file work-v3.json (JSON, C-alpha atoms)
[["chain", "number", "residue", "atom", "x", "y", "z"],
["L", 1, "MET", "CA", 129.66, 72.02, 106.32],
["L", 2, "SER", "CA", 130.89, 70.67, 109.61],
["L", 3, "ALA", "CA", 127.51, 69.74, 111.09],
["L", 4, "PRO", "CA", 127.44, 66.10, 112.21],
["L", 5, "ARG", "CA", 125.24, 63.69, 110.29],
["L", 6, "VAL", "CA", 122.99, 61.32, 112.17],
["L", 7, "ARG", "CA", 122.69, 59.20, 109.09],
["L", 8, "GLY", "CA", 123.46, 59.59, 105.42],
["L", 9, "GLY", "CA", 121.02, 59.43, 102.56],
["L", 10, "VAL", "CA", 122.12, 57.56, 99.47],
["L", 11, "GLY", "CA", 121.20, 59.38, 96.29],
["L", 12, "ALA", "CA", 118.90, 61.80, 98.07],
["L", 13, "GLY", "CA", 117.78, 64.96, 96.35],
["L", 14, "THR", "CA", 119.67, 64.46, 93.09],
["L", 15, "ALA", "CA", 116.69, 64.08, 90.78],
["L", 16, "SER", "CA", 115.64, 67.67, 90.09],
["L", 17, "GLY", "CA", 119.04, 69.26, 89.66],
["L", 18, "GLY", "CA", 117.44, 72.68, 90.22],
["L", 19, "VAL", "CA", 116.88, 74.85, 93.26],
["L", 20, "GLY", "CA", 115.04, 73.08, 96.01],
["L", 21, "ARG", "CA", 113.00, 74.51, 98.86],
["L", 22, "VAL", "CA", 113.02, 74.73, 102.64],
["L", 23, "ILE", "CA", 110.17, 73.81, 104.99],
["L", 24, "LEU", "CA", 110.41, 75.17, 108.53],
["L", 25, "VAL", "CA", 108.56, 72.68, 110.71],
["L", 26, "GLY", "CA", 107.51, 73.06, 114.33],
["L", 27, "GLY", "CA", 107.74, 69.67, 115.97],
["L", 28, "GLY", "CA", 105.82, 70.43, 119.15],
["L", 29, "PRO", "CA", 106.94, 70.03, 122.77],
["L", 30, "GLY", "CA", 108.55, 66.62, 122.37],
["L", 31, "ALA", "CA", 105.93, 63.87, 122.32],
["L", 32, "LEU", "CA", 105.71, 62.28, 118.89],
["L", 33, "ASP", "CA", 101.92, 62.29, 118.88],
["L", 34, "LEU", "CA", 101.86, 66.08, 119.30],
["L", 35, "LEU", "CA", 103.53, 66.52, 115.91],
["L", 36, "THR", "CA", 100.93, 67.88, 113.50],
["L", 37, "LEU", "CA", 99.70, 65.90, 110.51],
["L", 38, "ARG", "CA", 100.97, 68.61, 108.15],
["L", 39, "ALA", "CA", 104.42, 68.38, 109.75],
["L", 40, "TRP", "CA", 104.48, 64.60, 109.36],
["L", 41, "ARG", "CA", 103.49, 64.86, 105.71],
["L", 42, "ALA", "CA", 106.27, 67.38, 105.08],
["L", 43, "LEU", "CA", 108.79, 64.99, 106.62],
["L", 44, "GLN", "CA", 107.67, 62.26, 104.22],
["L", 45, "THR", "CA", 108.57, 64.52, 101.27],
["L", 46, "ALA", "CA", 112.01, 65.46, 102.57],
["L", 47, "ASP", "CA", 115.34, 64.69, 101.00],
["L", 48, "VAL", "CA", 117.19, 66.02, 104.03],
["L", 49, "VAL", "CA", 116.10, 66.87, 107.59],
["L", 50, "VAL", "CA", 118.04, 69.43, 109.62],
["L", 51, "VAL", "CA", 117.05, 68.70, 113.20],
["L", 52, "ASP", "CA", 117.29, 70.41, 116.60],
["L", 53, "ARG", "CA", 117.97, 68.77, 119.96],
["L", 54, "LEU", "CA", 114.47, 69.39, 121.34],
["L", 55, "ALA", "CA", 112.61, 68.26, 118.22],
["L", 56, "PRO", "CA", 110.64, 64.98, 118.42],
["L", 57, "THR", "CA", 113.54, 62.87, 117.16],
["L", 58, "GLU", "CA", 111.52, 59.64, 117.35],
["L", 59, "VAL", "CA", 109.95, 60.65, 114.05],
["L", 60, "LEU", "CA", 113.33, 60.23, 112.36],
["L", 61, "ASP", "CA", 112.94, 56.47, 112.66],
["L", 62, "ASP", "CA", 109.94, 56.62, 110.33],
["L", 63, "LEU", "CA", 111.59, 58.60, 107.56],
["L", 64, "PRO", "CA", 112.07, 57.00, 104.14],
["L", 65, "PRO", "CA", 115.48, 55.29, 103.98],
["L", 66, "HIS", "CA", 116.99, 57.74, 101.47],
["L", 67, "VAL", "CA", 116.53, 60.77, 103.73],
["L", 68, "GLU", "CA", 119.70, 62.35, 105.11],
["L", 69, "VAL", "CA", 119.56, 63.69, 108.68],
["L", 70, "ILE", "CA", 121.78, 66.55, 109.82],
["L", 71, "ASP", "CA", 121.94, 67.13, 113.57],
["L", 72, "VAL", "CA", 122.50, 70.77, 114.51],
["L", 73, "GLY", "CA", 121.26, 70.42, 118.07],
["L", 74, "LYS", "CA", 122.09, 73.14, 120.58],
["L", 75, "VAL", "CA", 122.45, 72.68, 124.32],
["L", 76, "PRO", "CA", 122.22, 75.50, 126.86],
["L", 77, "GLY", "CA", 125.45, 77.49, 126.90],
["L", 78, "HIS", "CA", 126.92, 75.62, 123.94],
["L", 79, "HIS", "CA", 125.78, 76.03, 120.34],
["L", 80, "ARG", "CA", 127.46, 73.13, 118.59],
["L", 81, "VAL", "CA", 126.52, 74.58, 115.20],
["L", 82, "PRO", "CA", 126.20, 78.40, 115.12],
["L", 83, "GLN", "CA", 123.00, 79.85, 113.65],
["L", 84, "GLU", "CA", 124.87, 81.37, 110.71],
["L", 85, "GLU", "CA", 126.18, 77.93, 109.80],
["L", 86, "ILE", "CA", 122.72, 76.40, 110.11],
["L", 87, "ASN", "CA", 121.47, 79.02, 107.65],
["L", 88, "GLU", "CA", 124.25, 78.05, 105.25],
["L", 89, "ILE", "CA", 123.39, 74.36, 105.56],
["L", 90, "LEU", "CA", 119.80, 75.10, 104.54],
["L", 91, "LEU", "CA", 120.94, 77.13, 101.55],
["L", 92, "GLU", "CA", 123.52, 74.60, 100.44],
["L", 93, "GLN", "CA", 121.09, 71.70, 100.58],
["L", 94, "ALA", "CA", 118.32, 73.60, 98.77],
["L", 95, "ARG", "CA", 120.73, 74.69, 96.03],
["L", 96, "ARG", "CA", 121.38, 71.02, 95.37],
["L", 97, "GLY", "CA", 117.72, 70.68, 94.40],
["L", 98, "ARG", "CA", 116.65, 69.09, 97.65],
["L", 99, "VAL", "CA", 113.52, 69.42, 99.74],
["L", 100, "VAL", "CA", 114.95, 70.50, 103.09],
["L", 101, "VAL", "CA", 112.89, 70.12, 106.24],
["L", 102, "ARG", "CA", 114.17, 72.17, 109.17],
["L", 103, "LEU", "CA", 112.69, 70.31, 112.15],
["L", 104, "LYS", "CA", 112.51, 72.34, 115.34],
["L", 105, "GLY", "CA", 111.04, 71.84, 118.77],
["L", 106, "GLY", "CA", 107.86, 73.75, 119.59],
["L", 107, "ASP", "CA", 106.96, 76.37, 117.01],
["L", 108, "PRO", "CA", 109.58, 77.75, 114.60],
["L", 109, "PHE", "CA", 108.59, 81.35, 115.35],
["L", 110, "VAL", "CA", 108.49, 81.09, 119.17],
["L", 111, "PHE", "CA", 112.12, 81.58, 120.21],
["L", 112, "GLY", "CA", 113.07, 79.16, 117.45],
["L", 113, "ARG", "CA", 114.96, 81.65, 115.22],
["L", 114, "GLY", "CA", 112.80, 80.49, 112.35],
["L", 115, "GLY", "CA", 112.39, 84.08, 111.20],
["L", 116, "GLU", "CA", 116.14, 84.40, 110.65],
["L", 117, "GLU", "CA", 116.20, 81.20, 108.63],
["L", 118, "ALA", "CA", 113.24, 82.31, 106.52],
["L", 119, "ILE", "CA", 114.95, 85.63, 105.76],
["L", 120, "ALA", "CA", 118.23, 83.92, 104.83],
["L", 121, "CYS", "CA", 116.45, 81.60, 102.39],
["L", 122, "ARG", "CA", 114.36, 84.33, 100.77],
["L", 123, "GLU", "CA", 117.36, 86.61, 100.37],
["L", 124, "ALA", "CA", 118.98, 83.72, 98.48],
["L", 125, "GLY", "CA", 115.90, 83.24, 96.29],
["L", 126, "ILE", "CA", 114.92, 79.95, 97.91],
["L", 127, "ALA", "CA", 111.25, 79.21, 98.56],
["L", 128, "VAL", "CA", 110.25, 78.72, 102.20],
["L", 129, "GLU", "CA", 107.14, 77.15, 103.68],
["L", 130, "ILE", "CA", 106.24, 77.55, 107.35],
["L", 131, "ILE", "CA", 104.47, 74.78, 109.26],
["L", 132, "PRO", "CA", 103.49, 75.91, 112.76],
["L", 133, "GLY", "CA", 104.05, 73.67, 115.74],
["L", 134, "VAL", "CA", 102.49, 73.21, 119.15],
["L", 135, "SER", "CA", 104.47, 75.63, 121.31],
["L", 136, "SER", "CA", 105.73, 74.43, 124.68],
["L", 137, "ALA", "CA", 104.71, 77.81, 126.08],
["L", 138, "LEU", "CA", 101.08, 76.71, 125.92],
["L", 139, "SER", "CA", 101.14, 72.95, 125.69],
["L", 140, "VAL", "CA", 103.52, 72.12, 128.53],
["L", 141, "PRO", "CA", 101.54, 74.03, 131.17],
["L", 142, "ALA", "CA", 98.34, 72.43, 129.84],
["L", 143, "LEU", "CA", 99.85, 68.96, 130.12],
["L", 144, "ALA", "CA", 100.64, 69.78, 133.76],
["L", 145, "ASP", "CA", 97.01, 70.79, 134.40],
["L", 146, "ILE", "CA", 97.87, 74.49, 134.33],
["L", 147, "PRO", "CA", 95.67, 76.64, 132.04],
["L", 148, "VAL", "CA", 97.49, 79.83, 131.09],
["L", 149, "THR", "CA", 94.09, 81.57, 131.17],
["L", 150, "HIS", "CA", 91.14, 80.58, 133.32],
["L", 151, "ARG", "CA", 87.75, 82.23, 133.59],
["L", 152, "GLY", "CA", 87.46, 84.23, 136.76],
["L", 153, "THR", "CA", 91.19, 83.97, 137.46],
["L", 154, "VAL", "CA", 93.14, 85.58, 134.63],
["L", 155, "ALA", "CA", 92.34, 86.44, 131.02],
["L", 156, "ALA", "CA", 95.79, 87.08, 129.53],
["L", 157, "PHE", "CA", 99.29, 85.62, 129.40],
["L", 158, "HIS", "CA", 102.76, 86.91, 128.64],
["L", 159, "VAL", "CA", 105.48, 84.66, 127.19],
["L", 160, "LEU", "CA", 109.17, 85.50, 127.29],
["L", 161, "SER", "CA", 112.62, 83.98, 127.11],
["L", 162, "GLY", "CA", 114.32, 83.79, 130.47],
["L", 163, "HIS", "CA", 117.83, 84.46, 129.17],
["L", 164, "ASP", "CA", 117.77, 88.08, 130.32],
["L", 165, "GLY", "CA", 115.40, 87.82, 133.27],
["L", 166, "LEU", "CA", 112.02, 89.53, 133.36],
["L", 167, "ASP", "CA", 111.06, 92.35, 131.04],
["L", 168, "GLU", "CA", 109.02, 95.34, 132.17],
["L", 169, "ALA", "CA", 105.76, 93.84, 130.97],
["L", 170, "ALA", "CA", 106.33, 90.63, 132.92],
["L", 171, "VAL", "CA", 107.13, 92.55, 136.09],
["L", 172, "THR", "CA", 103.88, 94.49, 135.74],
["L", 173, "CYS", "CA", 101.87, 91.32, 135.09],
["L", 174, "LEU", "CA", 103.23, 89.68, 138.23],
["L", 175, "LYS", "CA", 102.90, 92.70, 140.48],
["L", 176, "HIS", "CA", 99.27, 93.28, 139.54],
["L", 177, "ARG", "CA", 98.43, 89.61, 138.90],
["L", 178, "SER", "CA", 96.97, 90.78, 135.61],
["L", 179, "ALA", "CA", 98.38, 88.02, 133.39],
["L", 180, "THR", "CA", 100.06, 84.65, 133.64],
["L", 181, "VAL", "CA", 103.80, 84.85, 132.96],
["L", 182, "VAL", "CA", 105.26, 81.89, 131.04],
["L", 183, "ILE", "CA", 109.04, 81.72, 130.82],
["L", 184, "LEU", "CA", 110.96, 79.48, 128.43],
["L", 185, "MET", "CA", 114.66, 78.72, 128.86],
["L", 186, "GLY", "CA", 114.68, 80.36, 132.28],
["L", 187, "VAL", "CA", 116.05, 77.76, 134.70],
["L", 188, "ALA", "CA", 119.57, 79.22, 134.78],
["L", 189, "MET", "CA", 118.11, 82.66, 135.55],
["L", 190, "LEU", "CA", 115.49, 81.50, 138.04],
["L", 191, "GLU", "CA", 116.97, 83.25, 141.07],
["L", 192, "ARG", "CA", 117.29, 86.54, 139.19],
["L", 193, "ILE", "CA", 113.74, 86.21, 137.86],
["L", 194, "VAL", "CA", 112.29, 85.67, 141.33],
["L", 195, "ASP", "CA", 114.39, 88.47, 142.83],
["L", 196, "GLN", "CA", 113.21, 90.88, 140.14],
["L", 197, "ALA", "CA", 109.57, 90.01, 140.73],
["L", 198, "LEU", "CA", 109.78, 90.33, 144.51],
["L", 199, "ALA", "CA", 111.77, 93.56, 144.35],
["L", 200, "ALA", "CA", 109.05, 95.06, 142.17],
["L", 201, "GLY", "CA", 106.37, 94.26, 144.73],
["L", 202, "SER", "CA", 105.05, 90.86, 143.64],
["L", 203, "ASP", "CA", 103.34, 88.78, 146.31],
["L", 204, "PRO", "CA", 105.76, 86.13, 147.70],
["L", 205, "GLY", "CA", 102.73, 83.84, 147.96],
["L", 206, "LEU", "CA", 101.97, 84.04, 144.23],
["L", 207, "PRO", "CA", 101.56, 80.48, 142.90],
["L", 208, "ALA", "CA", 104.37, 79.24, 140.67],
["L", 209, "ALA", "CA", 105.27, 76.03, 138.89],
["L", 210, "ILE", "CA", 108.12, 74.59, 136.87],
["L", 211, "VAL", "CA", 107.38, 71.83, 134.36],
["L", 212, "GLU", "CA", 110.39, 69.83, 133.21],
["L", 213, "ASN", "CA", 110.49, 67.64, 130.10],
["L", 214, "GLY", "CA", 106.91, 68.46, 129.25],
["L", 215, "SER", "CA", 104.93, 65.91, 127.20],
["L", 216, "THR", "CA", 107.56, 63.18, 127.72],
["L", 217, "PRO", "CA", 107.57, 60.21, 130.13],
["L", 218, "ALA", "CA", 110.08, 62.21, 132.21],
["L", 219, "GLN", "CA", 107.69, 65.13, 132.78],
["L", 220, "ARG", "CA", 107.87, 66.49, 136.32],
["L", 221, "VAL", "CA", 106.01, 69.37, 137.94],
["L", 222, "THR", "CA", 107.45, 71.37, 140.84],
["L", 223, "ARG", "CA", 105.14, 73.85, 142.58],
["L", 224, "ALA", "CA", 105.87, 76.44, 145.25],
["L", 225, "PRO", "CA", 104.92, 80.00, 146.16],
["L", 226, "LEU", "CA", 107.03, 82.55, 144.32],
["L", 227, "GLY", "CA", 109.05, 83.40, 147.41],
["L", 228, "GLU", "CA", 110.02, 79.74, 147.93],
["L", 229, "LEU", "CA", 110.44, 78.71, 144.29],
["L", 230, "VAL", "CA", 114.24, 78.98, 144.10],
["L", 231, "VAL", "CA", 114.82, 76.90, 147.22],
["L", 232, "ARG", "CA", 112.31, 74.29, 146.11],
["L", 233, "ALA", "CA", 113.85, 74.07, 142.63],
["L", 234, "GLU", "CA", 117.28, 73.53, 144.16],
["L", 235, "GLN", "CA", 115.95, 70.86, 146.50],
["L", 236, "VAL", "CA", 114.54, 68.75, 143.69],
["L", 237, "GLY", "CA", 117.26, 69.55, 141.15],
["L", 238, "VAL", "CA", 115.23, 71.26, 138.43],
["L", 239, "ARG", "CA", 116.96, 71.13, 135.03],
["L", 240, "ASN", "CA", 116.29, 72.23, 131.46],
["L", 241, "PRO", "CA", 114.26, 71.81, 129.35],
["L", 242, "ALA", "CA", 111.63, 73.39, 131.53],
["L", 243, "VAL", "CA", 108.77, 75.86, 131.38],
["L", 244, "ILE", "CA", 108.23, 78.24, 134.30],
["L", 245, "VAL", "CA", 104.68, 79.41, 135.01],
["L", 246, "LEU", "CA", 104.07, 82.31, 137.40],
["L", 247, "GLY", "CA", 100.55, 83.35, 138.35],
["L", 248, "ASP", "CA", 97.34, 82.28, 140.03],
["L", 249, "VAL", "CA", 96.68, 79.60, 137.41],
["L", 250, "ALA", "CA", 99.64, 77.65, 138.86],
["L", 251, "ALA", "CA", 97.81, 77.13, 142.15],
["L", 252, "PRO", "CA", 97.57, 73.44, 143.10],
["L", 253, "GLY", "CA", 94.10, 72.04, 142.61],
["L", 254, "LEU", "CA", 92.82, 74.87, 140.44],
["L", 255, "LEU", "CA", 91.12, 72.38, 138.11],
["L", 256, "THR", "CA", 90.12, 69.94, 140.83],
["L", 257, "PRO", "CA", 86.37, 69.93, 141.60],
["L", 258, "ALA", "CA", 85.78, 71.66, 144.92],
["L", 259, "PRO", "CA", 83.62, 70.19, 147.69],
["L", 260, "THR", "CA", 79.96, 71.11, 147.28],
["L", 261, "GLY", "CA", 77.14, 71.63, 149.72],
["L", 262, "ASP", "CA", 73.63, 70.24, 149.60],
["L", 263, "HIS", "CA", 72.65, 72.52, 146.71],
["L", 264, "GLY", "CA", 75.70, 71.92, 144.55],
["L", 265, "VAL", "CA", 77.45, 75.24, 145.19],
["L", 266, "VAL", "CA", 81.08, 75.73, 146.15],
["L", 267, "THR", "CA", 81.46, 75.89, 149.93],
["L", 268, "GLY", "CA", 85.12, 75.85, 150.79],
["L", 269, "ARG", "CA", 87.89, 76.32, 148.26],
["L", 270, "PRO", "CA", 89.16, 79.89, 147.81],
["L", 271, "THR", "CA", 88.67, 81.37, 144.37],
["L", 272, "ARG", "CA", 90.82, 84.23, 143.14],
["L", 273, "VAL", "CA", 89.10, 86.57, 140.69],
["L", 274, "ARG", "CA", 90.02, 89.80, 138.98],
["L", 275, "SER", "CA", 88.98, 93.09, 140.52],
["L", 276, "GLY", "CA", 85.52, 94.01, 139.27],
["L", 277, "PHE", "CA", 84.67, 90.39, 138.41],
["L", 278, "ASP", "CA", 81.06, 89.54, 139.39],
["L", 279, "PRO", "CA", 80.65, 85.78, 139.94],
["L", 280, "GLU", "CA", 76.86, 85.95, 139.73],
["L", 281, "HIS", "CA", 76.89, 87.75, 136.39],
["L", 282, "ALA", "CA", 79.45, 85.25, 135.12],
["L", 283, "GLY", "CA", 77.21, 82.31, 135.96],
["L", 284, "HIS", "CA", 79.21, 81.03, 138.94],
["L", 285, "GLY", "CA", 77.37, 79.73, 142.00],
["L", 286, "VAL", "CA", 79.09, 81.12, 145.12],
["L", 287, "ALA", "CA", 77.65, 80.08, 148.45],
["L", 288, "PRO", "CA", 77.25, 82.49, 151.36],
["L", 289, "GLY", "CA", 80.44, 82.41, 153.38],
["L", 290, "ALA", "CA", 82.60, 81.12, 150.49],
["L", 291, "ARG", "CA", 85.92, 82.92, 150.31],
["L", 292, "VAL", "CA", 86.37, 85.06, 147.22],
["L", 293, "LEU", "CA", 89.78, 86.70, 146.99],
["L", 294, "LEU", "CA", 89.94, 89.85, 144.87],
["L", 295, "ALA", "CA", 93.09, 90.20, 142.77]]

call {"tool": "encode", "arguments": {"input": "work-v3.json", "output": "structure tokens"}}
result
Amino acid sequence: MSAPRVRGGVGAGTASGGVGRVILVGGGPGALDLLTLRAWRALQTADVVVVDRLAPTEVLDDLPPHVEVIDVGKVPGHHRVPQEEINEILLEQARRGRVVVRLKGGDPFVFGRGGEEAIACREAGIAVEIIPGVSSALSVPALADIPVTHRGTVAAFHVLSGHDGLDEAAVTCLKHRSATVVILMGVAMLERIVDQALAAGSDPGLPAAIVENGSTPAQRVTRAPLGELVVRAEQVGVRNPAVIVLGDVAAPGLLTPAPTGDHGVVTGRPTRVRSGFDPEHAGHGVAPGARVLLA
């Protein structure tokens, strides 16, 4: 195989001589301490680790010295090692009797092509274990103080890849403000995404945010109304990896305590709620004269 090696393992995986196994591991959004305990334990059993660019590569420094690391990292627009070759690497290593950990960013089944790798292994008679990871679709917004659902604001979310722009469901969610739309790998298509949403009748004032390098020291959050998002992103130079969040949950200050009056009820900050939502029945104190915006 032509995949570059980060480091070689001396004598790794030669003990059993039989067919090994593959463990598909989700490494989380990037921060080492968001790797799950089960994932870390799997890495300690590995003979070889096949790693992606967005995986938490710091963990490689803690691997046992015999472990071989194979870097198959992909960058946007350039797949250094094609998926078919990655599949073959997994099969080749497992057939040598090795425990193969396929370390991915996020979750292996959320735009990670883990399903294809699992099928390839099982068709070849190689055992596969799946270890879920913390998906950037949920964790990165949370780390930026953006809940993808929020009581009284929105009760659903829709996640999609941005490679092809918005799908029909996302357009509907944005037009009716019925669900948060979370877009992965969408920076290159940002202008098309915004144009699609606006052309379908979405409110140009809909809150939006882009979170770059989520969970890392380089994390940065850019917020703007939907109609101004493209210009703002260009001004600050937004780059991948980034998660785009469209919806009322992206409003600045959503989770900031609002000013209260003498009796401890909200007096000033607007609150957006779903049509038919009754704040009193939901246990929310809303003062007379407070602004309640119906979605």

call {"tool": "residues_around", "arguments": {"input": "work-v3.json", "residues": "Ala120 (chain L)", "least_positions_apart": "3", "cutoff": "12 Å", "atoms": "only C-alpha atoms", "output": "compact mmCIF listing (two decimals) with C-alpha atoms, in the frame of the given file"}}
result
# COMPACT_ATOMS: atom_id res chain seq x y z
CA VAL L 22 113.02 74.73 102.64
CA GLN L 83 123.00 79.85 113.65
CA GLU L 84 124.87 81.37 110.71
CA GLU L 85 126.18 77.93 109.80
CA ILE L 86 122.72 76.40 110.11
CA ASN L 87 121.47 79.02 107.65
CA GLU L 88 124.25 78.05 105.25
CA ILE L 89 123.39 74.36 105.56
CA LEU L 90 119.80 75.10 104.54
CA LEU L 91 120.94 77.13 101.55
CA GLU L 92 123.52 74.60 100.44
CA ALA L 94 118.32 73.60 98.77
CA ARG L 113 114.96 81.65 115.22
CA GLY L 114 112.80 80.49 112.35
CA GLY L 115 112.39 84.08 111.20
CA GLU L 116 116.14 84.40 110.65
CA GLU L 117 116.20 81.20 108.63
CA GLU L 123 117.36 86.61 100.37
CA ALA L 124 118.98 83.72 98.48
CA GLY L 125 115.90 83.24 96.29
CA ILE L 126 114.92 79.95 97.91
CA ALA L 127 111.25 79.21 98.56
CA VAL L 128 110.25 78.72 102.20

call {"tool": "atom_distance", "arguments": {"input": "work-v3.json", "atom1": "CA of Val67 (chain L)", "atom2": "CA of Val49 (chain L)"}}
result
7.2 Å

call {"tool": "atom_distance", "arguments": {"input": "work-v3.json", "atom1": "CA of Gly237 (chain L)", "atom2": "CA of Leu32 (chain L)"}}
result
26.1 Å

call {"tool": "closest_residue", "arguments": {"input": "work-v3.json", "among": "L:Val134, L:Val100, L:Met189, L:Ala208", "to": "Leu37 (chain L)", "atoms": "only C-alpha atoms"}}
result
L:Val134

call {"tool": "atom_distance", "arguments": {"input": "work-v3.json", "atom1": "CA of Ile183 (chain L)", "atom2": "CA of Asn240 (chain L)"}}
result
12.0 Å

call {"tool": "decode", "arguments": {"input": "work-v3.json", "residues": "region 231-238 of chain L", "atoms": "all heavy atoms", "output": "compact mmCIF listing (two decimals), in the first residue's frame"}}
result
# COMPACT_ATOMS: atom_id res chain seq x y z
N VAL L 231 -20.97 37.57 3.77
CA VAL L 231 -20.07 38.72 3.85
C VAL L 231 -19.24 38.68 5.12
O VAL L 231 -18.02 38.92 5.11
CB VAL L 231 -20.88 40.03 3.78
CG1 VAL L 231 -19.98 41.24 4.08
CG2 VAL L 231 -21.52 40.18 2.41
N ARG L 232 -19.89 38.35 6.23
CA ARG L 232 -19.16 38.29 7.50
C ARG L 232 -18.10 37.20 7.48
O ARG L 232 -16.97 37.41 7.96
CB ARG L 232 -20.15 38.04 8.64
CG ARG L 232 -19.52 38.02 10.02
CD ARG L 232 -18.89 39.34 10.36
NE ARG L 232 -18.26 39.31 11.67
CZ ARG L 232 -17.19 40.00 11.99
NH1 ARG L 232 -16.60 40.78 11.09
NH2 ARG L 232 -16.69 39.93 13.21
N ALA L 233 -18.42 36.04 6.91
CA ALA L 233 -17.45 34.95 6.84
C ALA L 233 -16.25 35.33 5.99
O ALA L 233 -15.10 34.99 6.31
CB ALA L 233 -18.13 33.70 6.27
N GLU L 234 -16.49 36.07 4.91
CA GLU L 234 -15.39 36.53 4.07
C GLU L 234 -14.54 37.55 4.80
O GLU L 234 -13.31 37.56 4.67
CB GLU L 234 -15.94 37.11 2.78
CG GLU L 234 -16.56 36.08 1.84
CD GLU L 234 -17.22 36.70 0.62
OE1 GLU L 234 -17.37 37.95 0.59
OE2 GLU L 234 -17.57 35.95 -0.32
N GLN L 235 -15.18 38.41 5.57
CA GLN L 235 -14.43 39.44 6.30
C GLN L 235 -13.45 38.85 7.29
O GLN L 235 -12.32 39.35 7.43
CB GLN L 235 -15.41 40.37 7.03
CG GLN L 235 -16.18 41.30 6.13
CD GLN L 235 -17.24 42.09 6.89
OE1 GLN L 235 -17.65 41.72 8.00
NE2 GLN L 235 -17.68 43.20 6.32
N VAL L 236 -13.86 37.80 7.97
CA VAL L 236 -12.99 37.23 9.01
C VAL L 236 -12.16 36.07 8.49
O VAL L 236 -11.29 35.56 9.20
CB VAL L 236 -13.81 36.79 10.24
CG1 VAL L 236 -14.56 37.97 10.82
CG2 VAL L 236 -14.77 35.66 9.90
N GLY L 237 -12.42 35.63 7.26
CA GLY L 237 -11.62 34.54 6.68
C GLY L 237 -11.94 33.18 7.24
O GLY L 237 -11.03 32.42 7.62
N VAL L 238 -13.21 32.83 7.30
CA VAL L 238 -13.62 31.52 7.81
C VAL L 238 -13.01 30.41 6.97
O VAL L 238 -13.01 30.46 5.73
CB VAL L 238 -15.16 31.41 7.83
CG1 VAL L 238 -15.59 29.97 8.04
CG2 VAL L 238 -15.74 32.30 8.92
